[in-house]
file coords-v1.pdb (PDB, C-alpha atoms)
ATOM      1  CA  MET A  15      25.314  -5.132  10.287
ATOM      2  CA  GLY A  16      22.476  -7.605  10.776
ATOM      3  CA  ALA A  17      19.242  -8.007   8.886
ATOM      4  CA  ILE A  18      16.453  -5.485   9.464
ATOM      5  CA  GLN A  19      13.649  -6.903  11.587
ATOM      6  CA  ILE A  20      10.205  -6.477  10.005
ATOM      7  CA  ALA A  21       6.907  -6.566  11.883
ATOM      8  CA  VAL A  22       3.995  -6.954   9.478
ATOM      9  CA  TYR A  23       0.922  -5.140  10.810
ATOM     10  CA  GLY A  24      -2.086  -7.170   9.722
ATOM     11  CA  GLY A  25      -3.292 -10.736   9.938
ATOM     12  CA  GLY A  26      -5.177 -11.288   6.702
ATOM     13  CA  GLY A  27      -4.334 -12.556   3.245
ATOM     14  CA  PHE A  28      -2.504  -9.432   2.146
ATOM     15  CA  ALA A  29      -0.405  -9.503   5.303
ATOM     16  CA  ARG A  30       0.749 -13.001   4.396
ATOM     17  CA  GLU A  31       1.542 -11.784   0.890
ATOM     18  CA  VAL A  32       3.546  -8.866   2.265
ATOM     19  CA  ALA A  33       5.526 -11.241   4.488
ATOM     20  CA  TRP A  34       6.368 -13.241   1.359
ATOM     21  CA  LEU A  35       7.240 -10.001  -0.446
ATOM     22  CA  VAL A  36       9.644  -9.072   2.338
ATOM     23  CA  GLN A  37      11.289 -12.494   2.144
ATOM     24  CA  SER A  38      11.568 -12.128  -1.649
ATOM     25  CA  CYS A  39      13.726  -9.048  -1.102
ATOM     26  CA  ASN A  40      16.417 -11.335   0.322
ATOM     27  CA  ARG A  41      17.382 -12.853  -3.035
ATOM     28  CA  SER A  42      20.707 -11.088  -3.411
ATOM     29  CA  SER A  43      21.471 -10.695   0.295
ATOM     30  CA  HIS A  44      19.862 -11.389   3.664
ATOM     31  CA  ARG A  45      18.386  -7.930   4.184
ATOM     32  CA  TYR A  46      15.231  -8.645   6.198
ATOM     33  CA  ASP A  47      13.853 -10.978   8.858
ATOM     34  CA  VAL A  48      10.075 -11.143   9.340
ATOM     35  CA  VAL A  49       9.874 -11.434  13.113
ATOM     36  CA  CYS A  50       6.133 -11.217  13.739
ATOM     37  CA  PHE A  51       2.673 -10.282  12.576
ATOM     38  CA  ILE A  52       0.827  -7.631  14.569
ATOM     39  CA  ASP A  53      -2.939  -7.905  14.839
ATOM     40  CA  ASP A  54      -5.468  -6.067  16.978
ATOM     41  CA  ASN A  55      -7.639  -9.184  17.278
ATOM     42  CA  GLU A  56      -6.792 -10.649  20.685
ATOM     43  CA  ALA A  57      -8.076 -14.064  19.599
ATOM     44  CA  LEU A  58      -5.123 -14.359  17.198
ATOM     45  CA  HIS A  59      -2.419 -13.500  19.726
ATOM     46  CA  GLY A  60      -0.125 -16.449  20.356
ATOM     47  CA  SER A  61      -1.031 -18.170  17.097
ATOM     48  CA  GLU A  62       1.108 -18.411  13.957
ATOM     49  CA  LEU A  63       0.652 -17.423  10.326
ATOM     50  CA  ASN A  64       2.877 -19.374   7.958
ATOM     51  CA  GLY A  65       5.212 -20.133  10.815
ATOM     52  CA  VAL A  66       5.455 -16.534  12.085
ATOM     53  CA  MET A  67       4.016 -15.532  15.466
ATOM     54  CA  VAL A  68       1.061 -13.153  15.846
ATOM     55  CA  MET A  69       1.090 -10.690  18.735
ATOM     56  CA  SER A  70      -0.347  -7.423  19.939
ATOM     57  CA  LEU A  71       1.171  -4.078  19.030
ATOM     58  CA  GLU A  72       2.406  -3.543  22.576
ATOM     59  CA  ALA A  73       3.960  -7.016  22.787
ATOM     60  CA  ALA A  74       5.710  -6.528  19.459
ATOM     61  CA  ARG A  75       7.134  -3.201  20.589
ATOM     62  CA  ALA A  76       8.422  -4.742  23.811
ATOM     63  CA  ARG A  77       9.966  -7.809  22.179
ATOM     64  CA  PHE A  78      11.237  -6.233  18.956
ATOM     65  CA  PRO A  79      11.970  -2.575  19.766
ATOM     66  CA  ASP A  80      14.303  -2.199  16.773
ATOM     67  CA  ALA A  81      11.883  -3.658  14.224
ATOM     68  CA  LYS A  82      10.443  -1.643  11.344
ATOM     69  CA  VAL A  83       6.708  -1.944  10.671
ATOM     70  CA  VAL A  84       5.081  -2.581   7.312
ATOM     71  CA  CYS A  85       1.325  -1.915   7.305
ATOM     72  CA  ALA A  86      -0.315  -4.719   5.343
ATOM     73  CA  VAL A  87      -4.035  -3.978   5.373
ATOM     74  CA  GLY A  88      -5.914  -3.342   2.125
ATOM     75  CA  SER A  89      -8.409  -0.817   3.465
ATOM     76  CA  PRO A  90      -6.903   2.687   3.146
ATOM     77  CA  LYS A  91      -8.782   3.984   6.181
ATOM     78  CA  VAL A  92      -7.758   1.080   8.387
ATOM     79  CA  ARG A  93      -4.198   1.345   7.110
ATOM     80  CA  GLU A  94      -4.103   4.984   8.174
ATOM     81  CA  GLN A  95      -5.388   4.048  11.622
ATOM     82  CA  ILE A  96      -2.871   1.282  12.259
ATOM     83  CA  ALA A  97       0.025   3.380  10.942
ATOM     84  CA  ARG A  98      -0.879   6.060  13.476
ATOM     85  CA  LYS A  99      -1.087   3.477  16.269
ATOM     86  CA  ALA A 100       2.301   2.004  15.336
ATOM     87  CA  ALA A 101       3.898   5.445  15.263
ATOM     88  CA  ASP A 102       2.322   6.352  18.595
ATOM     89  CA  VAL A 103       4.120   3.470  20.354
ATOM     90  CA  GLY A 104       7.436   4.415  18.746
ATOM     91  CA  PHE A 105       7.722   2.228  15.653
ATOM     92  CA  SER A 106       9.135   3.544  12.403
ATOM     93  CA  PHE A 107       8.336   2.148   8.956
ATOM     94  CA  GLU A 108      10.159   0.388   6.148
ATOM     95  CA  ILE A 109       9.736   0.793   2.379
ATOM     96  CA  ILE A 110       9.355  -2.620   0.725
ATOM     97  CA  ILE A 111       9.849  -2.944  -3.051
ATOM     98  CA  HIS A 112       9.986  -6.297  -4.840
ATOM     99  CA  PRO A 113      13.334  -6.797  -6.599
ATOM    100  CA  ASN A 114      11.774  -7.261 -10.040
ATOM    101  CA  VAL A 115       9.961  -3.903 -10.023
ATOM    102  CA  GLU A 116      11.015  -1.737 -12.978
ATOM    103  CA  ARG A 117      11.440   1.901 -11.945
ATOM    104  CA  SER A 118      13.385   5.001 -12.821
ATOM    105  CA  GLN A 119      15.472   7.105 -10.469
ATOM    106  CA  TRP A 120      12.973   9.971 -10.671
ATOM    107  CA  ILE A 121      10.500   8.657  -8.128
ATOM    108  CA  ASP A 122       9.816  10.145  -4.689
ATOM    109  CA  ILE A 123       8.853   7.415  -2.228
ATOM    110  CA  ALA A 124       7.607   8.192   1.279
ATOM    111  CA  GLU A 125       7.726   5.993   4.354
ATOM    112  CA  GLY A 126       5.864   2.693   4.492
ATOM    113  CA  VAL A 127       5.314   2.297   0.745
ATOM    114  CA  VAL A 128       4.766  -1.279  -0.472
ATOM    115  CA  ILE A 129       5.331  -2.147  -4.143
ATOM    116  CA  CYS A 130       4.577  -5.742  -5.087
ATOM    117  CA  ALA A 131       5.993  -7.881  -7.877
ATOM    118  CA  GLY A 132       5.521  -7.162 -11.580
ATOM    119  CA  ASN A 133       5.073  -3.388 -11.413
ATOM    120  CA  ILE A 134       6.475  -0.749 -13.738
ATOM    121  CA  LEU A 135       6.940   2.839 -12.545
ATOM    122  CA  THR A 136       8.224   5.274 -15.149
ATOM    123  CA  THR A 137       9.328   8.827 -14.325
ATOM    124  CA  ASN A 138       8.523  11.810 -12.096
ATOM    125  CA  ILE A 139       6.190   9.904  -9.810
ATOM    126  CA  THR A 140       5.366  10.802  -6.206
ATOM    127  CA  LEU A 141       4.224   8.109  -3.791
ATOM    128  CA  GLY A 142       2.822   9.308  -0.474
ATOM    129  CA  ARG A 143       3.064   7.596   2.882
ATOM    130  CA  HIS A 144       1.940   3.982   3.081
ATOM    131  CA  VAL A 145       0.896   3.759  -0.559
ATOM    132  CA  GLN A 146       0.323   0.175  -1.694
ATOM    133  CA  ILE A 147       0.874  -0.817  -5.317
ATOM    134  CA  ASN A 148      -0.340  -4.345  -5.827
ATOM    135  CA  LEU A 149       0.664  -6.905  -8.452
ATOM    136  CA  ASP A 150       1.328  -6.051 -12.121
ATOM    137  CA  CYS A 151       0.441  -2.354 -12.228
ATOM    138  CA  THR A 152       1.846   0.244 -14.599
ATOM    139  CA  ILE A 153       2.309   3.718 -13.130
ATOM    140  CA  GLY A 154       2.847   6.390 -15.788
ATOM    141  CA  HIS A 155       4.722   9.672 -15.713
ATOM    142  CA  ASP A 156       3.773  12.580 -13.449
ATOM    143  CA  VAL A 157       1.475  10.539 -11.226
ATOM    144  CA  ILE A 158       0.917  11.624  -7.631
ATOM    145  CA  LEU A 159      -0.464   9.059  -5.191
ATOM    146  CA  GLY A 160      -1.643  10.565  -1.914
ATOM    147  CA  ASP A 161      -1.031   8.988   1.475
ATOM    148  CA  PHE A 162      -2.655   5.558   2.033
ATOM    149  CA  THR A 163      -3.653   5.134  -1.629
ATOM    150  CA  THR A 164      -3.163   2.476  -4.321
ATOM    151  CA  LEU A 165      -2.580   2.604  -8.134
ATOM    152  CA  ALA A 166      -2.711   5.213 -10.930
ATOM    153  CA  SER A 167      -1.931   6.040 -14.582
ATOM    154  CA  GLY A 168      -0.317   8.997 -16.394
ATOM    155  CA  TRP A 169      -1.212  12.531 -15.202
ATOM    156  CA  VAL A 170      -3.512  11.194 -12.516
ATOM    157  CA  HIS A 171      -3.618  12.844  -9.087
ATOM    158  CA  MET A 172      -5.132  10.842  -6.238
ATOM    159  CA  GLY A 173      -6.101  12.151  -2.840
ATOM    160  CA  ARG A 174      -5.896  10.368   0.499
ATOM    161  CA  ARG A 175      -7.371   6.929   1.231
ATOM    162  CA  VAL A 176      -8.473   6.314  -2.363
ATOM    163  CA  HIS A 177      -9.306   2.668  -3.090
ATOM    164  CA  VAL A 178      -9.011   1.201  -6.599
ATOM    165  CA  GLY A 179     -10.612  -2.180  -7.262
ATOM    166  CA  THR A 180      -9.060  -5.033  -9.204
ATOM    167  CA  GLY A 181      -8.920  -4.516 -12.963
ATOM    168  CA  ALA A 182     -10.012  -0.875 -12.870
ATOM    169  CA  VAL A 183      -8.691   1.372 -15.639
ATOM    170  CA  ILE A 184      -7.920   5.054 -15.134
ATOM    171  CA  ILE A 185      -7.646   7.105 -18.327
ATOM    172  CA  ASN A 186      -4.736   9.537 -18.555
ATOM    173  CA  GLY A 187      -5.159  13.203 -17.820
ATOM    174  CA  THR A 188      -2.955  15.900 -19.308
ATOM    175  CA  SER A 189      -0.347  18.267 -17.900
ATOM    176  CA  ASP A 190      -2.888  21.114 -17.990
ATOM    177  CA  HIS A 191      -5.803  19.017 -16.759
ATOM    178  CA  PRO A 192      -4.744  16.045 -14.624
ATOM    179  CA  LEU A 193      -7.449  13.507 -13.897
ATOM    180  CA  VAL A 194      -8.192  14.065 -10.200
ATOM    181  CA  ILE A 195      -9.586  11.440  -7.858
ATOM    182  CA  GLU A 196     -10.395  13.103  -4.570
ATOM    183  CA  ASP A 197     -10.059  11.893  -0.981
ATOM    184  CA  ASP A 198     -11.888   8.696   0.072
ATOM    185  CA  ALA A 199     -13.136   7.887  -3.423
ATOM    186  CA  VAL A 200     -13.783   4.217  -4.217
ATOM    187  CA  ILE A 201     -13.381   2.865  -7.746
ATOM    188  CA  GLY A 202     -15.145  -0.451  -8.244
ATOM    189  CA  ALA A 203     -13.491  -3.502  -9.776
ATOM    190  CA  GLY A 204     -13.373  -3.306 -13.579
ATOM    191  CA  ALA A 205     -14.518   0.325 -13.706
ATOM    192  CA  CYS A 206     -13.173   2.692 -16.349
ATOM    193  CA  VAL A 207     -12.542   6.162 -14.942
ATOM    194  CA  THR A 208     -12.642   8.914 -17.555
ATOM    195  CA  LYS A 209     -13.207  12.059 -15.482
ATOM    196  CA  ARG A 210     -12.788  13.608 -12.041
ATOM    197  CA  ILE A 211     -14.158  11.648  -9.081
ATOM    198  CA  ALA A 212     -15.489  13.722  -6.194
ATOM    199  CA  ALA A 213     -14.463  13.089  -2.603
ATOM    200  CA  GLY A 214     -16.199  10.162  -0.929
ATOM    201  CA  THR A 215     -17.835   8.964  -4.146
ATOM    202  CA  THR A 216     -18.063   5.297  -5.151
ATOM    203  CA  VAL A 217     -18.029   4.747  -8.910
ATOM    204  CA  VAL A 218     -18.653   1.571 -10.910
ATOM    205  CA  GLY A 219     -19.062   0.507 -14.529
ATOM    206  CA  VAL A 220     -17.776   1.494 -17.961
ATOM    207  CA  PRO A 221     -17.556   4.408 -18.084
ATOM    208  CA  ALA A 222     -17.441   4.791 -14.306
ATOM    209  CA  ARG A 223     -20.513   6.449 -12.783
ATOM    210  CA  PRO A 224     -21.527   7.124  -9.177
ATOM    211  CA  LEU A 225     -23.111   4.109  -7.534
ATOM    212  CA  GLU A 226     -26.848   4.557  -7.100
ATOM    213  CA  ARG A 227     -27.998   3.672  -3.611
ATOM    214  CA  ARG A 228     -31.439   2.235  -3.114
TER     215      ARG A 228
END

call {"tool": "encode", "arguments": {"input": "coords-v1.pdb", "output": "structure tokens"}}
result
Amino acid sequence: MGAIQIAVYGGGGFAREVAWLVQSCNRSSHRYDVVCFIDDNEALHGSELNGVMVMSLEAARARFPDAKVVCAVGSPKVREQIARKAADVGFSFEIIIHPNVERSQWIDIAEGVVICAGNILTTNITLGRHVQINLDCTIGHDVILGDFTTLASGWVHMGRRVHVGTGAVIINGTSDHPLVIEDDAVIGAGACVTKRIAAGTTVVGVPARPLERR
């Protein structure tokens, strides 16, 4: 059986990192081939990123009908949109996990999840569709990450399309009172979240407070 073809959906910096992540999964055996990047920007079609061609979604589907897609866009909302577009043309999705990730067997992982290098995932964790866990994160017990979300700590429940900035800290909840971060919340870089975040709210600072708009 040959290597699985991977089409990386995205043309930015994280897409290039994901392509490298996919290649890093070939250390013990040749499991994957990155065959193309997919980008909706027509100006990029026909160009190359790190030696890999960039093409439209339709062209990728025609040329690589057996490929699996990995959505490599940081924005949760955009990631949801491109995952829907890829599914609509018939693509399915691959789970990509760096070989040095430490994780237990008690983790539920949905389609399209990306887990980068240096992460630790303990026990009884649920990762929704197209969750992205970036470099060097620790995910504690009983965490639930909703579809298209990134990061968490122990007894934290995140909704859909939550975005967590670099260096943010999320304080543990408890089994009786999980710390809930609702849909479309944005946690600013370096923020320290100590309590529930309402849907659509952007919080910043230590402790994290709603961003005041002028």

call {"tool": "closest_residue", "arguments": {"input": "coords-v1.pdb", "among": "A:Met69, A:Ile52, A:Val170, A:Ala131", "to": "Pro192 of chain A", "atoms": "only C-alpha atoms"}}
result
A:Val170

call {"tool": "closest_residue", "arguments": {"input": "coords-v1.pdb", "among": "A:Leu193, A:Ala57, A:Val49, A:Ile134", "to": "Thr152 of chain A", "atoms": "only C-alpha atoms"}}
result
A:Ile134

call {"tool": "resolve_selection", "arguments": {"input": "coords-v1.pdb", "expression": "the PyMOL selection byres ((chain A and resi 85) around 12)", "output": "ChimeraX atom specification"}}
result
/A:20-26,28-33,51-53,71,82-84,86-101,105-110,125-128,143-146,162

call {"tool": "atom_distance", "arguments": {"input": "coords-v1.pdb", "atom1": "atom CA of Glu62 of chain A", "atom2": "atom CA of Ala74 of chain A"}}
result
13.9 Å

call {"tool": "closest_residue", "arguments": {"input": "coords-v1.pdb", "among": "A:Ser38, A:Asp150, A:Val103, A:Ala81", "to": "Cys50 of chain A", "atoms": "all atoms listed in the file"}}
result
A:Ala81

call {"tool": "residues_around", "arguments": {"input": "coords-v1.pdb", "residues": "Pro221 of chain A", "least_positions_apart": "2", "cutoff": "8 Å", "atoms": "only C-alpha atoms", "output": "list in words"}}
result
Ala205, Cys206, Val207, Thr208, Val218, Gly219 and Arg223 of chain A

call {"tool": "resolve_selection", "arguments": {"input": "coords-v1.pdb", "expression": "the PyMOL selection byres ((chain A and resi 171-173) around 9)", "output": "VMD selection string"}}
result
chain A and resid 156 to 170 174 to 176 187 192 to 199 213

call {"tool": "residues_near_point", "arguments": {"input": "coords-v1.pdb", "point": "(-13.1, -2.0, -7.2)", "cutoff": "10 Å", "atoms": "only C-alpha atoms", "output": "PDB file with C-alpha atoms, keeping the file's coordinate frame"}}
result
ATOM      1  CA  HIS A 177      -9.306   2.668  -3.090  1.00  0.00           C
ATOM      2  CA  VAL A 178      -9.011   1.201  -6.599  1.00  0.00           C
ATOM      3  CA  GLY A 179     -10.612  -2.180  -7.262  1.00  0.00           C
ATOM      4  CA  THR A 180      -9.060  -5.033  -9.204  1.00  0.00           C
ATOM      5  CA  GLY A 181      -8.920  -4.516 -12.963  1.00  0.00           C
ATOM      6  CA  ALA A 182     -10.012  -0.875 -12.870  1.00  0.00           C
ATOM      7  CA  VAL A 200     -13.783   4.217  -4.217  1.00  0.00           C
ATOM      8  CA  ILE A 201     -13.381   2.865  -7.746  1.00  0.00           C
ATOM      9  CA  GLY A 202     -15.145  -0.451  -8.244  1.00  0.00           C
ATOM     10  CA  ALA A 203     -13.491  -3.502  -9.776  1.00  0.00           C
ATOM     11  CA  GLY A 204     -13.373  -3.306 -13.579  1.00  0.00           C
ATOM     12  CA  ALA A 205     -14.518   0.325 -13.706  1.00  0.00           C
ATOM     13  CA  THR A 216     -18.063   5.297  -5.151  1.00  0.00           C
ATOM     14  CA  VAL A 217     -18.029   4.747  -8.910  1.00  0.00           C
ATOM     15  CA  VAL A 218     -18.653   1.571 -10.910  1.00  0.00           C
ATOM     16  CA  GLY A 219     -19.062   0.507 -14.529  1.00  0.00           C
TER      17      GLY A 219
END

call {"tool": "closest_residue", "arguments": {"input": "coords-v1.pdb", "among": "A:Gln37, A:Ser70, A:Ser61, A:Thr140", "to": "His155 of chain A", "atoms": "only C-alpha atoms"}}
result
A:Thr140

call {"tool": "atom_distance", "arguments": {"input": "coords-v1.pdb", "atom1": "atom CA of Ile185 of chain A", "atom2": "atom CA of Leu35 of chain A"}}
result
28.9 Å

call {"tool": "closest_residue", "arguments": {"input": "coords-v1.pdb", "among": "A:Val220, A:Ile147, A:Gly142, A:Val36", "to": "Pro113 of chain A", "atoms": "all atoms listed in the file"}}
result
A:Val36

call {"tool": "closest_residue", "arguments": {"input": "coords-v1.pdb", "among": "A:Leu63, A:Ala124, A:Val115, A:Val68", "to": "Ile153 of chain A", "atoms": "all atoms listed in the file"}}
result
A:Val115

call {"tool": "atom_distance", "arguments": {"input": "coords-v1.pdb", "atom1": "atom CA of Ile123 of chain A", "atom2": "atom CA of Thr136 of chain A"}}
result
13.1 Å

call {"tool": "resolve_selection", "arguments": {"input": "coords-v1.pdb", "expression": "the PyMOL selection byres ((chain A and resi 120) around 7)", "output": "PDB file with C-alpha atoms, in the frame of the given file"}}
result
ATOM      1  CA  SER A 118      13.385   5.001 -12.821  1.00  0.00           C
ATOM      2  CA  GLN A 119      15.472   7.105 -10.469  1.00  0.00           C
ATOM      3  CA  ILE A 121      10.500   8.657  -8.128  1.00  0.00           C
ATOM      4  CA  ASP A 122       9.816  10.145  -4.689  1.00  0.00           C
ATOM      5  CA  THR A 137       9.328   8.827 -14.325  1.00  0.00           C
ATOM      6  CA  ASN A 138       8.523  11.810 -12.096  1.00  0.00           C
ATOM      7  CA  ILE A 139       6.190   9.904  -9.810  1.00  0.00           C
TER       8      ILE A 139
END

call {"tool": "axis_aligned_box", "arguments": {"input": "coords-v1.pdb", "around": "segment 28-34 of chain A", "padding_each_side": "8 Å", "output": "JSON"}}
result
{"center_x": 1.9, "center_y": -11.1, "center_z": 3.1, "size_x": 24.9, "size_y": 20.4, "size_z": 20.4}

call {"tool": "residues_around", "arguments": {"input": "coords-v1.pdb", "residues": "Asn114 of chain A", "least_positions_apart": "4", "cutoff": "9 Å", "atoms": "only C-alpha atoms", "output": "ChimeraX atom specification"}}
result
/A:130-133

call {"tool": "write_last_selection", "arguments": {"input": "coords-v1.pdb", "atoms": "C-alpha atoms", "output": "compact mmCIF listing (two decimals), in the frame of the given file"}}
result
# COMPACT_ATOMS: atom_id res chain seq x y z
CA CYS A 130 4.58 -5.74 -5.09
CA ALA A 131 5.99 -7.88 -7.88
CA GLY A 132 5.52 -7.16 -11.58
CA ASN A 133 5.07 -3.39 -11.41
